[in-house]
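Undergrad: Input file: my_file-v5.cif. Contents: mmCIF, C-alpha atoms and all ligand atoms.
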data_protein
loop_
_atom_site.label_atom_id
_atom_site.label_comp_id
_atom_site.auth_asym_id
_atom_site.auth_seq_id
_atom_site.Cartn_x
_atom_site.Cartn_y
_atom_site.Cartn_z
CA MET A 1 2.88 -85.83 -33.52
CA ILE A 2 4.55 -83.57 -36.07
CA VAL A 3 4.30 -84.71 -39.70
CA PRO A 4 6.87 -82.87 -41.82
CA PHE A 5 6.22 -82.18 -45.51
CA VAL A 6 9.37 -84.12 -46.40
CA ASP A 7 11.83 -85.87 -44.08
CA LEU A 8 15.31 -86.13 -45.54
CA GLN A 9 16.82 -87.06 -42.17
CA ALA A 10 14.57 -90.14 -41.95
CA GLN A 11 15.84 -91.28 -45.35
CA TYR A 12 19.47 -90.59 -44.44
CA LYS A 13 19.16 -92.90 -41.41
CA THR A 14 18.31 -95.79 -43.74
CA ILE A 15 21.39 -95.34 -45.99
CA LYS A 16 23.89 -93.73 -43.62
CA THR A 17 26.51 -96.47 -43.87
CA GLU A 18 26.44 -96.79 -47.67
CA VAL A 19 26.54 -93.02 -48.13
CA GLY A 20 29.40 -92.69 -45.66
CA VAL A 21 31.47 -95.23 -47.57
CA ALA A 22 30.75 -93.50 -50.89
CA ILE A 23 31.62 -90.01 -49.67
CA GLU A 24 34.80 -91.25 -48.00
CA ARG A 25 35.83 -92.84 -51.31
CA VAL A 26 35.51 -89.45 -53.01
CA LEU A 27 37.56 -87.81 -50.26
CA GLU A 28 40.26 -90.46 -50.60
CA THR A 29 40.44 -90.28 -54.40
CA ALA A 30 39.84 -86.51 -54.66
CA ALA A 31 37.56 -86.96 -57.70
CA PHE A 32 35.67 -83.84 -56.66
CA VAL A 33 34.46 -82.40 -59.98
CA LEU A 34 33.43 -84.63 -62.92
CA GLY A 35 35.83 -87.62 -63.00
CA ARG A 36 35.20 -91.25 -62.20
CA GLU A 37 32.34 -90.86 -59.70
CA VAL A 38 30.39 -88.73 -62.16
CA GLU A 39 31.12 -91.14 -65.03
CA ALA A 40 29.98 -94.12 -62.95
CA PHE A 41 26.73 -92.41 -62.01
CA GLU A 42 26.13 -91.27 -65.60
CA ALA A 43 26.49 -94.87 -66.79
CA ALA A 44 24.11 -96.14 -64.10
CA PHE A 45 21.50 -93.45 -64.75
CA ALA A 46 21.69 -93.94 -68.53
CA GLU A 47 20.98 -97.62 -67.95
CA TYR A 48 18.14 -96.81 -65.54
CA THR A 49 16.43 -94.50 -68.04
CA ASN A 50 17.16 -96.75 -71.05
CA ALA A 51 19.11 -93.88 -72.59
CA GLN A 52 22.28 -94.21 -74.62
CA PHE A 53 23.80 -91.12 -73.01
CA CYS A 54 23.61 -89.35 -69.67
CA VAL A 55 25.47 -86.13 -68.97
CA GLY A 56 25.61 -84.95 -65.36
CA VAL A 57 25.30 -81.24 -64.65
CA ASN A 58 24.98 -79.11 -61.51
CA SER A 59 21.19 -78.57 -61.50
CA GLY A 60 17.94 -79.42 -63.23
CA THR A 61 17.73 -75.83 -64.43
CA ALA A 62 21.15 -76.14 -66.08
CA ALA A 63 20.04 -79.44 -67.63
CA ILE A 64 17.07 -77.74 -69.32
CA GLN A 65 19.09 -74.73 -70.47
CA LEU A 66 21.81 -76.91 -71.97
CA ALA A 67 19.34 -79.32 -73.58
CA VAL A 68 17.61 -76.37 -75.26
CA THR A 69 20.93 -74.94 -76.47
CA ALA A 70 22.20 -78.35 -77.58
CA CYS A 71 19.09 -78.75 -79.73
CA GLY A 72 20.21 -75.62 -81.59
CA ILE A 73 17.53 -73.39 -80.06
CA GLY A 74 18.27 -69.80 -79.03
CA ALA A 75 17.59 -66.15 -79.80
CA GLY A 76 14.50 -65.58 -81.92
CA ASP A 77 13.10 -69.07 -81.23
CA GLU A 78 10.01 -69.99 -79.24
CA VAL A 79 9.59 -72.99 -76.96
CA ILE A 80 6.22 -74.20 -75.69
CA VAL A 81 6.04 -74.83 -71.94
CA PRO A 82 3.13 -75.46 -69.59
CA ALA A 83 2.00 -72.49 -67.49
CA ASN A 84 1.71 -74.87 -64.51
CA SER A 85 5.24 -75.88 -63.60
CA PHE A 86 8.10 -74.77 -61.42
CA PHE A 87 9.43 -71.44 -62.70
CA ALA A 88 12.75 -73.03 -63.82
CA THR A 89 11.14 -74.78 -66.81
CA ALA A 90 10.49 -71.42 -68.49
CA GLU A 91 13.48 -69.66 -66.96
CA ALA A 92 15.90 -72.13 -68.58
CA VAL A 93 14.31 -71.45 -71.97
CA SER A 94 14.92 -67.74 -71.38
CA THR A 95 18.51 -68.14 -70.23
CA ALA A 96 19.12 -70.21 -73.37
CA GLY A 97 18.09 -67.06 -75.26
CA ALA A 98 14.71 -68.31 -76.51
CA THR A 99 11.19 -67.22 -75.54
CA PRO A 100 8.80 -69.42 -73.56
CA VAL A 101 5.25 -69.61 -74.92
CA PHE A 102 2.80 -70.88 -72.33
CA VAL A 103 -0.01 -73.42 -72.67
CA ASP A 104 -2.71 -74.17 -70.10
CA ALA A 105 -2.83 -77.30 -67.94
CA ASP A 106 -5.26 -80.20 -68.21
CA SER A 107 -7.88 -80.02 -65.44
CA VAL A 108 -7.45 -83.67 -64.40
CA SER A 109 -3.78 -84.58 -64.95
CA TYR A 110 -2.27 -81.11 -64.20
CA THR A 111 0.14 -81.66 -67.11
CA ILE A 112 0.11 -79.69 -70.38
CA ASP A 113 -3.29 -79.64 -72.13
CA VAL A 114 -2.39 -81.37 -75.40
CA GLY A 115 -5.52 -80.02 -77.06
CA LYS A 116 -4.21 -76.45 -76.65
CA ILE A 117 -0.66 -76.91 -77.95
CA GLU A 118 -1.26 -76.39 -81.66
CA ALA A 119 -2.88 -72.98 -81.17
CA ALA A 120 0.38 -71.81 -79.54
CA ILE A 121 2.62 -72.87 -82.42
CA THR A 122 4.03 -70.12 -84.65
CA LYS A 123 6.67 -69.97 -87.38
CA ARG A 124 9.27 -69.43 -84.65
CA THR A 125 8.34 -72.47 -82.52
CA ARG A 126 11.20 -74.95 -82.27
CA ALA A 127 10.39 -77.23 -79.33
CA ILE A 128 7.86 -78.36 -76.76
CA ILE A 129 8.86 -79.03 -73.14
CA PRO A 130 6.27 -81.33 -71.57
CA VAL A 131 6.69 -81.40 -67.78
CA HIS A 132 5.98 -84.66 -65.97
CA LEU A 133 4.42 -82.72 -63.15
CA TYR A 134 4.13 -83.98 -59.56
CA GLY A 135 5.53 -87.37 -60.71
CA GLN A 136 3.03 -88.14 -63.47
CA THR A 137 4.00 -88.10 -67.14
CA ALA A 138 2.47 -85.72 -69.63
CA ASP A 139 0.43 -87.46 -72.35
CA LEU A 140 3.36 -87.83 -74.74
CA ASP A 141 1.94 -89.65 -77.80
CA PRO A 142 -0.29 -86.79 -78.97
CA ILE A 143 2.59 -84.39 -78.24
CA PHE A 144 4.96 -86.47 -80.41
CA GLU A 145 2.37 -86.40 -83.18
CA ILE A 146 2.10 -82.60 -83.05
CA ALA A 147 5.89 -82.30 -82.89
CA ALA A 148 6.32 -84.52 -85.95
CA ARG A 149 3.76 -82.50 -87.92
CA HIS A 150 5.52 -79.19 -87.13
CA ASP A 151 9.10 -80.47 -86.99
CA LEU A 152 9.61 -79.61 -83.30
CA ALA A 153 11.97 -81.12 -80.75
CA ILE A 154 10.55 -82.65 -77.57
CA ILE A 155 12.57 -81.95 -74.43
CA GLU A 156 11.13 -83.69 -71.39
CA ASP A 157 11.26 -81.91 -68.04
CA ALA A 158 11.46 -85.00 -65.83
CA ALA A 159 12.70 -83.12 -62.73
CA GLN A 160 9.76 -84.49 -60.70
CA ALA A 161 9.47 -87.89 -62.35
CA HIS A 162 12.52 -90.13 -61.84
CA GLY A 163 11.33 -93.64 -62.62
CA SER A 164 7.89 -92.59 -63.84
CA LEU A 165 6.52 -94.55 -66.81
CA TYR A 166 4.65 -93.49 -69.93
CA ASN A 167 2.90 -96.53 -71.45
CA ASN A 168 5.39 -98.74 -69.60
CA ARG A 169 8.44 -96.83 -70.83
CA LYS A 170 10.73 -94.91 -68.49
CA VAL A 171 10.59 -91.16 -68.98
CA GLY A 172 13.63 -89.10 -69.91
CA ALA A 173 14.89 -90.44 -73.22
CA LEU A 174 11.54 -90.63 -75.00
CA GLY A 175 12.05 -87.31 -76.82
CA ARG A 176 15.19 -85.63 -78.17
CA ALA A 177 16.45 -85.03 -74.63
CA GLY A 178 15.19 -85.37 -71.07
CA CYS A 179 16.15 -83.27 -68.07
CA PHE A 180 16.38 -84.35 -64.45
CA SER A 181 16.95 -82.43 -61.23
CA PHE A 182 18.66 -84.04 -58.25
CA TYR A 183 17.74 -81.27 -55.82
CA PRO A 184 17.64 -82.92 -52.36
CA GLY A 185 13.83 -83.13 -52.12
CA LYS A 186 13.30 -84.75 -55.54
CA ASN A 187 12.50 -88.49 -55.80
CA LEU A 188 16.21 -89.01 -56.53
CA GLY A 189 18.00 -86.27 -54.62
CA ALA A 190 21.66 -85.44 -54.06
CA TYR A 191 23.09 -83.89 -50.87
CA GLY A 192 23.40 -80.57 -52.65
CA GLU A 193 22.66 -79.49 -56.22
CA GLY A 194 22.67 -81.78 -59.23
CA GLY A 195 21.02 -82.54 -62.55
CA ALA A 196 21.38 -84.56 -65.75
CA VAL A 197 20.44 -84.63 -69.40
CA VAL A 198 19.65 -88.04 -70.91
CA THR A 199 19.37 -88.60 -74.65
CA ASN A 200 19.76 -91.11 -77.45
CA ASP A 201 21.16 -88.40 -79.70
CA ALA A 202 24.98 -88.55 -79.74
CA GLU A 203 25.30 -84.98 -81.01
CA VAL A 204 23.04 -83.56 -78.29
CA ALA A 205 25.04 -85.49 -75.67
CA ARG A 206 28.32 -84.19 -77.09
CA ARG A 207 27.09 -80.58 -77.06
CA VAL A 208 25.78 -80.79 -73.49
CA ARG A 209 29.12 -82.28 -72.43
CA LEU A 210 30.95 -79.37 -74.06
CA LEU A 211 28.57 -76.72 -72.75
CA ARG A 212 28.74 -77.89 -69.12
CA ASP A 213 32.54 -77.52 -69.03
CA HIS A 214 33.58 -74.25 -70.70
CA GLY A 215 33.09 -75.63 -74.21
CA SER A 216 35.99 -77.95 -73.63
CA GLU A 217 36.51 -81.69 -73.89
CA GLN A 218 40.25 -81.54 -73.99
CA LYS A 219 41.92 -79.52 -71.26
CA TYR A 220 42.56 -75.86 -72.23
CA ARG A 221 41.09 -76.32 -75.71
CA HIS A 222 37.74 -74.50 -75.93
CA GLU A 223 35.65 -75.29 -78.99
CA ILE A 224 32.67 -73.13 -78.05
CA ILE A 225 31.64 -70.67 -75.34
CA GLY A 226 30.10 -72.71 -72.56
CA TYR A 227 29.46 -72.61 -68.83
CA ASN A 228 30.68 -74.08 -65.59
CA PHE A 229 27.73 -76.42 -64.98
CA ARG A 230 29.71 -79.47 -63.85
CA LEU A 231 28.38 -82.14 -61.49
CA GLU A 232 30.43 -82.77 -58.33
CA GLY A 233 31.91 -86.14 -57.42
CA ILE A 234 30.39 -86.23 -53.95
CA GLN A 235 26.91 -85.63 -55.39
CA ALA A 236 27.42 -88.33 -58.04
CA ALA A 237 28.62 -90.81 -55.40
CA VAL A 238 25.56 -90.11 -53.23
CA LEU A 239 23.27 -90.37 -56.26
CA ALA A 240 24.77 -93.73 -57.28
CA VAL A 241 23.97 -95.10 -53.82
CA LYS A 242 20.45 -93.65 -53.82
CA LEU A 243 19.65 -94.80 -57.37
CA LYS A 244 19.71 -98.40 -56.12
CA HIS A 245 16.85 -97.55 -53.76
CA LEU A 246 14.79 -95.42 -56.15
CA ASP A 247 12.34 -98.09 -57.35
CA CYS A 248 11.68 -99.21 -53.80
CA TRP A 249 11.16 -95.60 -52.67
CA ASN A 250 8.81 -94.93 -55.58
CA ASP A 251 6.82 -98.05 -54.68
CA LEU A 252 6.47 -96.74 -51.12
CA ARG A 253 5.28 -93.35 -52.43
CA ARG A 254 2.64 -95.17 -54.51
CA ARG A 255 1.56 -97.17 -51.47
CA HIS A 256 1.20 -93.99 -49.40
CA ALA A 257 -0.81 -92.38 -52.23
CA ALA A 258 -3.15 -95.38 -52.28
CA ARG A 259 -3.58 -95.10 -48.50
CA TYR A 260 -4.38 -91.36 -48.75
CA ALA A 261 -6.89 -92.14 -51.52
CA GLU A 262 -8.61 -94.72 -49.33
CA LEU A 263 -8.81 -92.46 -46.28
CA LEU A 264 -9.83 -89.32 -48.17
CA ALA A 265 -12.29 -90.96 -50.55
CA GLY A 266 -15.39 -89.65 -48.75
CA THR A 267 -14.24 -86.03 -48.58
CA SER A 268 -14.82 -83.18 -51.00
CA LEU A 269 -11.10 -83.00 -51.80
CA ALA A 270 -10.19 -83.62 -55.45
CA LEU A 271 -7.51 -86.32 -55.24
CA PRO A 272 -4.71 -87.02 -57.74
CA ARG A 273 -5.82 -89.23 -60.62
CA GLU A 274 -3.41 -91.71 -62.19
CA MET A 275 -3.94 -91.43 -65.95
CA PRO A 276 -4.28 -94.67 -67.97
CA TYR A 277 -0.96 -94.05 -69.76
CA ALA A 278 1.04 -93.20 -66.64
CA ARG A 279 2.76 -94.81 -63.72
CA HIS A 280 2.71 -91.97 -61.22
CA VAL A 281 5.68 -91.74 -58.82
CA TYR A 282 4.07 -89.13 -56.53
CA HIS A 283 6.88 -86.65 -56.16
CA LEU A 284 4.02 -84.61 -54.71
CA TYR A 285 0.58 -85.63 -53.47
CA VAL A 286 -1.56 -82.70 -54.59
CA VAL A 287 -5.20 -82.28 -53.59
CA GLN A 288 -7.62 -79.54 -54.64
CA THR A 289 -10.27 -77.76 -52.62
CA ASN A 290 -12.24 -74.51 -52.69
CA ASN A 291 -11.14 -73.98 -49.09
CA ARG A 292 -7.42 -74.33 -49.67
CA ASP A 293 -6.31 -71.59 -47.29
CA ALA A 294 -8.49 -72.92 -44.47
CA LEU A 295 -7.20 -76.47 -45.04
CA HIS A 296 -3.64 -75.15 -45.08
CA LYS A 297 -4.22 -73.36 -41.76
CA THR A 298 -5.85 -76.36 -40.07
CA LEU A 299 -3.02 -78.68 -41.10
CA THR A 300 -0.35 -76.19 -40.05
CA GLU A 301 -1.98 -75.85 -36.62
CA ALA A 302 -2.03 -79.66 -36.32
CA GLY A 303 1.74 -79.77 -36.92
CA ILE A 304 1.44 -81.04 -40.49
CA GLY A 305 3.72 -79.63 -43.17
CA THR A 306 2.20 -78.79 -46.56
CA GLY A 307 3.22 -76.98 -49.74
CA ILE A 308 1.57 -75.10 -52.60
CA HIS A 309 2.81 -76.13 -56.06
CA TYR A 310 2.51 -73.48 -57.36
CA PRO A 311 0.82 -70.39 -55.90
CA THR A 312 1.49 -68.14 -58.93
CA PRO A 313 1.46 -69.59 -62.46
CA ILE A 314 4.56 -68.79 -64.50
CA HIS A 315 2.79 -66.50 -66.98
CA LEU A 316 1.79 -64.22 -64.08
CA GLN A 317 5.26 -64.00 -62.53
CA PRO A 318 6.76 -60.48 -62.40
CA ALA A 319 9.81 -61.82 -64.25
CA TYR A 320 7.63 -62.45 -67.34
CA HIS A 321 5.76 -59.16 -67.22
CA SER A 322 7.35 -58.23 -70.57
CA LEU A 323 5.64 -61.18 -72.31
CA LYS A 324 2.31 -59.42 -71.64
CA TYR A 325 0.26 -62.34 -70.40
CA LYS A 326 -2.62 -61.50 -68.08
CA ALA A 327 -4.88 -63.14 -65.50
CA GLY A 328 -7.52 -65.16 -67.32
CA ASP A 329 -5.19 -66.32 -70.12
CA PHE A 330 -4.89 -69.85 -68.68
CA PRO A 331 -8.00 -70.44 -66.57
CA THR A 332 -7.28 -74.07 -65.63
CA THR A 333 -3.77 -73.33 -64.38
CA GLU A 334 -5.02 -70.25 -62.52
CA ARG A 335 -7.87 -72.19 -60.89
CA GLN A 336 -5.43 -74.92 -59.83
CA ALA A 337 -3.02 -72.34 -58.39
CA ALA A 338 -5.82 -71.07 -56.14
CA ARG A 339 -6.99 -74.52 -55.05
CA VAL A 340 -4.01 -76.89 -54.75
CA LEU A 341 -2.36 -78.10 -51.57
CA SER A 342 0.42 -80.70 -51.38
CA LEU A 343 0.18 -83.13 -48.45
CA PRO A 344 3.22 -84.77 -46.81
CA MET A 345 4.74 -87.34 -49.18
CA TYR A 346 8.03 -89.21 -48.86
CA PRO A 347 8.95 -92.90 -48.77
CA GLU A 348 9.58 -92.97 -45.01
CA LEU A 349 6.09 -91.60 -44.17
CA ARG A 350 4.48 -93.94 -41.62
CA ASP A 351 0.92 -95.27 -41.69
CA GLU A 352 -0.01 -93.48 -38.47
CA GLN A 353 1.26 -90.22 -39.96
CA ILE A 354 -0.89 -90.71 -43.06
CA ALA A 355 -3.86 -91.43 -40.81
CA GLN A 356 -3.16 -88.25 -38.85
CA VAL A 357 -3.00 -86.14 -42.02
CA ALA A 358 -6.26 -87.67 -43.29
CA GLU A 359 -7.95 -87.05 -39.93
CA ALA A 360 -6.87 -83.39 -39.97
CA CYS A 361 -8.20 -83.03 -43.54
CA MET A 362 -11.56 -84.41 -42.44
CA ASN A 363 -11.65 -82.04 -39.45
CA ALA A 364 -10.98 -79.12 -41.78
CA ALA A 365 -13.81 -80.25 -44.10
CA ARG A 366 -16.21 -80.52 -41.15
CA ALA A 367 -15.24 -77.04 -39.94
CA ALA A 368 -15.77 -75.63 -43.44
CA SER A 369 -19.25 -77.10 -43.79
CA ALA A 370 -20.36 -76.13 -40.23
C1 LIG B 1 13.10 -78.86 -59.50
C2 LIG B 1 12.60 -78.54 -60.86
C3 LIG B 1 13.42 -77.93 -61.83
C4 LIG B 1 14.74 -77.33 -61.53
O1 LIG B 1 15.66 -78.17 -60.96
P1 LIG B 1 16.84 -77.57 -60.04
O2 LIG B 1 17.71 -78.75 -59.81
O3 LIG B 1 16.21 -77.06 -58.80
O4 LIG B 1 17.52 -76.51 -60.82
C5 LIG B 1 12.90 -77.79 -63.11
N1 LIG B 1 11.66 -78.21 -63.42
C6 LIG B 1 10.85 -78.77 -62.51
C7 LIG B 1 9.50 -79.24 -62.93
C8 LIG B 1 11.29 -78.95 -61.19
O5 LIG B 1 10.47 -79.50 -60.29
#
Mind converting the file's structure to structure tokens?
Ligand SMILES: *Cc1c(COP(=O)(O)O)cnc(C)c1O
TA:
Amino acid sequence: MIVPFVDLQAQYKTIKTEVGVAIERVLETAAFVLGREVEAFEAAFAEYTNAQFCVGVNSGTAAIQLAVTACGIGAGDEVIVPANSFFATAEAVSTAGATPVFVDADSVSYTIDVGKIEAAITKRTRAIIPVHLYGQTADLDPIFEIAARHDLAIIEDAAQAHGSLYNNRKVGALGRAGCFSFYPGKNLGAYGEGGAVVTNDAEVARRVRLLRDHGSEQKYRHEIIGYNFRLEGIQAAVLAVKLKHLDCWNDLRRRHAARYAELLAGTSLALPREMPYARHVYHLYVVQTNNRDALHKTLTEAGIGTGIHYPTPIHLQPAYHSLKYKAGDFPTTERQAARVLSLPMYPELRDEQIAQVAEACMNAARAASA
């Protein structure tokens, strides 16, 4: 039996009728770009995240770039980001004109090591972007405390954490702004590209709204230089349908994670740990082992899809060569990059598939110790 890493077709089968109706409505009304479908989804997602404002954009990367710009951050400014994240977290800081400054990851939670943030702050630092990595929130309270002491904005990268909780509060609107991606494989995914900024700051919301649409709120009147980062109607309509299922899907992900934990408890794999402050939504189920490449090979041969998130930390990417970081700068992130493997994780995963993955992991461990 093949176990894919994610199975978007399996999910589509469960919502085919609803999605069909929604897409047909967009075709009939021709609200293809921004418009009523986008407004309806923005209202629903603002309510879901307990945010006053939600502004839909065309990717998570655009959401981060515009949130940074809307906070008044640009050329000459520095923004603190974790070295362990998807490249886009730092890239969006750069395309906003600012410079990312990296901080190592925590060895247990994988999120930014809060004890190492202050050493990275300079006179130019303007913001911190905690990433709620793999579906688990960063430890925000100490980060808020540091931010208050140094007058920094907090911009959450919640691209992997739709519906995740920090001390029982939904992530997204806990800082100045929060950024979501609706890339198809995310916990809440469109059928194409999509993203959103949520915020309780009316001015930040207004600026993101301007920036996403050529600096214009009123047709052919352009207040500032902006971008074409608009969300499409079809994506918003799909997202509005899927949002109704998100909590149920996240519950299923948590159930699958608990099942993996049970079956893999006796192995040498380091399993994900849910931190006391977090409700993990398992965008990814990431394990660690010294024999990562062997485990990867065994699972691939058994027809099991896996991923590596992420094989090269951001500070060692060729694109950031000019920032002059080197191997050894962030030992925890670098060690994780060499040891992590993401197992299949999606709501529609079946118990027998989980059992098969666990069995293959145990076979790999036996082969490694033989
Ligand atoms: C997916 C992702 C992004 C970028 O989102 P896109 O919609 O792909 O542009 C940013 N940050 C993190 C942590 C992500 O996982």
Undergrad: Would you pick out the contacts of stretch 183-196 of chain A at 6 Å or less, using only C-alpha atoms, so that residues sharing its chain but fewer than 3 positions from it are not included, and give the list as a list in words?
TA: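 Listing them by chain and then by number gives Val55, Gly56, Val57, Asn58, Ser59, Gly60, Ala63, Cys179, Phe180, Gln235, Leu239 and His283 of chain A.
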Undergrad: Just C-alpha atoms for this one: save the residues we selected as a JSON list (two decimals), keeping the file's coordinate frame.
TA:
[["chain", "number", "residue", "atom", "x", "y", "z"],
["A", 55, "VAL", "CA", 25.47, -86.13, -68.97],
["A", 56, "GLY", "CA", 25.61, -84.95, -65.36],
["A", 57, "VAL", "CA", 25.30, -81.24, -64.65],
["A", 58, "ASN", "CA", 24.98, -79.11, -61.51],
["A", 59, "SER", "CA", 21.19, -78.57, -61.50],
["A", 60, "GLY", "CA", 17.94, -79.42, -63.23],
["A", 63, "ALA", "CA", 20.04, -79.44, -67.63],
["A", 179, "CYS", "CA", 16.15, -83.27, -68.07],
["A", 180, "PHE", "CA", 16.38, -84.35, -64.45],
["A", 235, "GLN", "CA", 26.91, -85.63, -55.39],
["A", 239, "LEU", "CA", 23.27, -90.37, -56.26],
["A", 283, "HIS", "CA", 6.88, -86.65, -56.16]]
Undergrad: Can you tell me which residues come within 7 Å of ligand LIG 1 (chain B) when counting all atoms listed in the file, ideally as a PDB file with C-alpha atoms, in the frame of the given file?
TA:
ATOM      1  CA  SER A  59      21.190 -78.570 -61.500  1.00  0.00           C
ATOM      2  CA  GLY A  60      17.940 -79.420 -63.230  1.00  0.00           C
ATOM      3  CA  THR A  61      17.730 -75.830 -64.430  1.00  0.00           C
ATOM      4  CA  ALA A  62      21.150 -76.140 -66.080  1.00  0.00           C
ATOM      5  CA  SER A  85       5.240 -75.880 -63.600  1.00  0.00           C
ATOM      6  CA  PHE A  86       8.100 -74.770 -61.420  1.00  0.00           C
ATOM      7  CA  ALA A  88      12.750 -73.030 -63.820  1.00  0.00           C
ATOM      8  CA  THR A  89      11.140 -74.780 -66.810  1.00  0.00           C
ATOM      9  CA  VAL A 131       6.690 -81.400 -67.780  1.00  0.00           C
ATOM     10  CA  LEU A 133       4.420 -82.720 -63.150  1.00  0.00           C
ATOM     11  CA  ASP A 157      11.260 -81.910 -68.040  1.00  0.00           C
ATOM     12  CA  ALA A 158      11.460 -85.000 -65.830  1.00  0.00           C
ATOM     13  CA  ALA A 159      12.700 -83.120 -62.730  1.00  0.00           C
ATOM     14  CA  GLN A 160       9.760 -84.490 -60.700  1.00  0.00           C
ATOM     15  CA  SER A 181      16.950 -82.430 -61.230  1.00  0.00           C
ATOM     16  CA  PHE A 182      18.660 -84.040 -58.250  1.00  0.00           C
ATOM     17  CA  TYR A 183      17.740 -81.270 -55.820  1.00  0.00           C
ATOM     18  CA  GLU A 193      22.660 -79.490 -56.220  1.00  0.00           C
ATOM     19  CA  GLY A 194      22.670 -81.780 -59.230  1.00  0.00           C
ATOM     20  CA  GLY A 195      21.020 -82.540 -62.550  1.00  0.00           C
TER      21      GLY A 195
END
Undergrad: Which one is closest to A:Val108: A:Leu66, A:Val3, A:Ala270, A:Ala120? Count only C-alpha atoms.
TA: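 Of all the options, A:Ala270 lies closest to A:Val108.
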Undergrad: Which of these residues is nearest to A:Cys54, using all atoms listed in the file: A:Glu91, A:Asp141, A:Asp201, A:Asp213?
TA: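 Checking each candidate against A:Cys54, we get A:Asp201 as the closest.
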Undergrad: Any idea what the distance is between atom CA of A:Ala75 and atom CA of A:Ala119?
TA: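 Interatomic distance, atom CA of A:Ala75 to atom CA of A:Ala119: 21.6 Å.
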Undergrad: When you count all atoms listed in the file, which of these residues is closest to A:His245: A:Pro347, A:Gly175, A:Pro272, A:Pro130?
TA: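 Comparing A:Pro347, A:Gly175, A:Pro272, A:Pro130 against A:His245, the winner is A:Pro347.
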Undergrad: Between A:Val287, A:Leu299, A:Ala294, A:Ile234, which has the minimum distance to A:Ala30 (counting all atoms listed in the file)?
TA: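 Among the listed residues, the smallest separation from A:Ala30 belongs to A:Ile234.
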Undergrad: Near A:Gly35, within 10 Å and counting only C-alpha atoms, which residues show up once chain neighbours fewer than 2 positions away are dropped, as a list in words?
TA: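 Here the qualifying residues turn out to be Ala30, Ala31, Phe32, Val33, Glu37, Val38, Glu39, Ala40, Leu231, Glu232, Gly233 and Ala236 of chain A.
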Undergrad: Please report the interatomic distance between atom CA of A:Leu34 and atom CA of A:Val204 in Å with one decimal.
TA: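 Spanning atom CA of A:Leu34 to atom CA of A:Val204 is a straight-line distance of 18.6 Å.
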Undergrad: Name the residues in contact with A:Ala177 at a cut-off of 8 Å, using all atoms listed in the file, excluding same-chain residues fewer than 2 positions from it; report them as a list in words.
TA: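 Near A:Ala177, the qualifying residues are Ala67, Ile154, Ile155, Glu156, Gly172, Ala173, Leu174, Gly175, Cys179, Val197, Val198, Thr199, Asn200, Asp201 and Val204 of chain A.
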Undergrad: Using C-alpha atoms, can you export the residues from the last selection as a PDB file, in the frame of the given file?
TA:
ATOM      1  CA  ALA A  67      19.340 -79.320 -73.580  1.00  0.00           C
ATOM      2  CA  ILE A 154      10.550 -82.650 -77.570  1.00  0.00           C
ATOM      3  CA  ILE A 155      12.570 -81.950 -74.430  1.00  0.00           C
ATOM      4  CA  GLU A 156      11.130 -83.690 -71.390  1.00  0.00           C
ATOM      5  CA  GLY A 172      13.630 -89.100 -69.910  1.00  0.00           C
ATOM      6  CA  ALA A 173      14.890 -90.440 -73.220  1.00  0.00           C
ATOM      7  CA  LEU A 174      11.540 -90.630 -75.000  1.00  0.00           C
ATOM      8  CA  GLY A 175      12.050 -87.310 -76.820  1.00  0.00           C
ATOM      9  CA  CYS A 179      16.150 -83.270 -68.070  1.00  0.00           C
ATOM     10  CA  VAL A 197      20.440 -84.630 -69.400  1.00  0.00           C
ATOM     11  CA  VAL A 198      19.650 -88.040 -70.910  1.00  0.00           C
ATOM     12  CA  THR A 199      19.370 -88.600 -74.650  1.00  0.00           C
ATOM     13  CA  ASN A 200      19.760 -91.110 -77.450  1.00  0.00           C
ATOM     14  CA  ASP A 201      21.160 -88.400 -79.700  1.00  0.00           C
ATOM     15  CA  VAL A 204      23.040 -83.560 -78.290  1.00  0.00           C
TER      16      VAL A 204
END
Undergrad: I want to know what sits within 7 Å of stretch 313-323 of chain A, based on all atoms listed in the file, with residues of the same chain fewer than 2 positions away left out; could you give that as a PyMOL selection string?
TA: chain A and resi 83-84+87+102+310-311+325-327+333-334+337
Undergrad: Can you work out the spacing between atom CA of A:Gly74 and atom CA of A:Gln52 in Å, to one decimal?
TA: 25.1 Å
Undergrad: Have a look at A:Ile146, A:Cys361, A:Val281, A:Arg207 and name the one nearest to A:His256; count only C-alpha atoms.
TA: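 For A:His256, the nearest of the given residues is A:Val281.
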Undergrad: Determine the nearest neighbour of A:Ala202 from the options A:Val26, A:Arg176, A:Arg169, A:Asp151, counting only C-alpha atoms.
TA: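 Closest candidate: A:Arg176.
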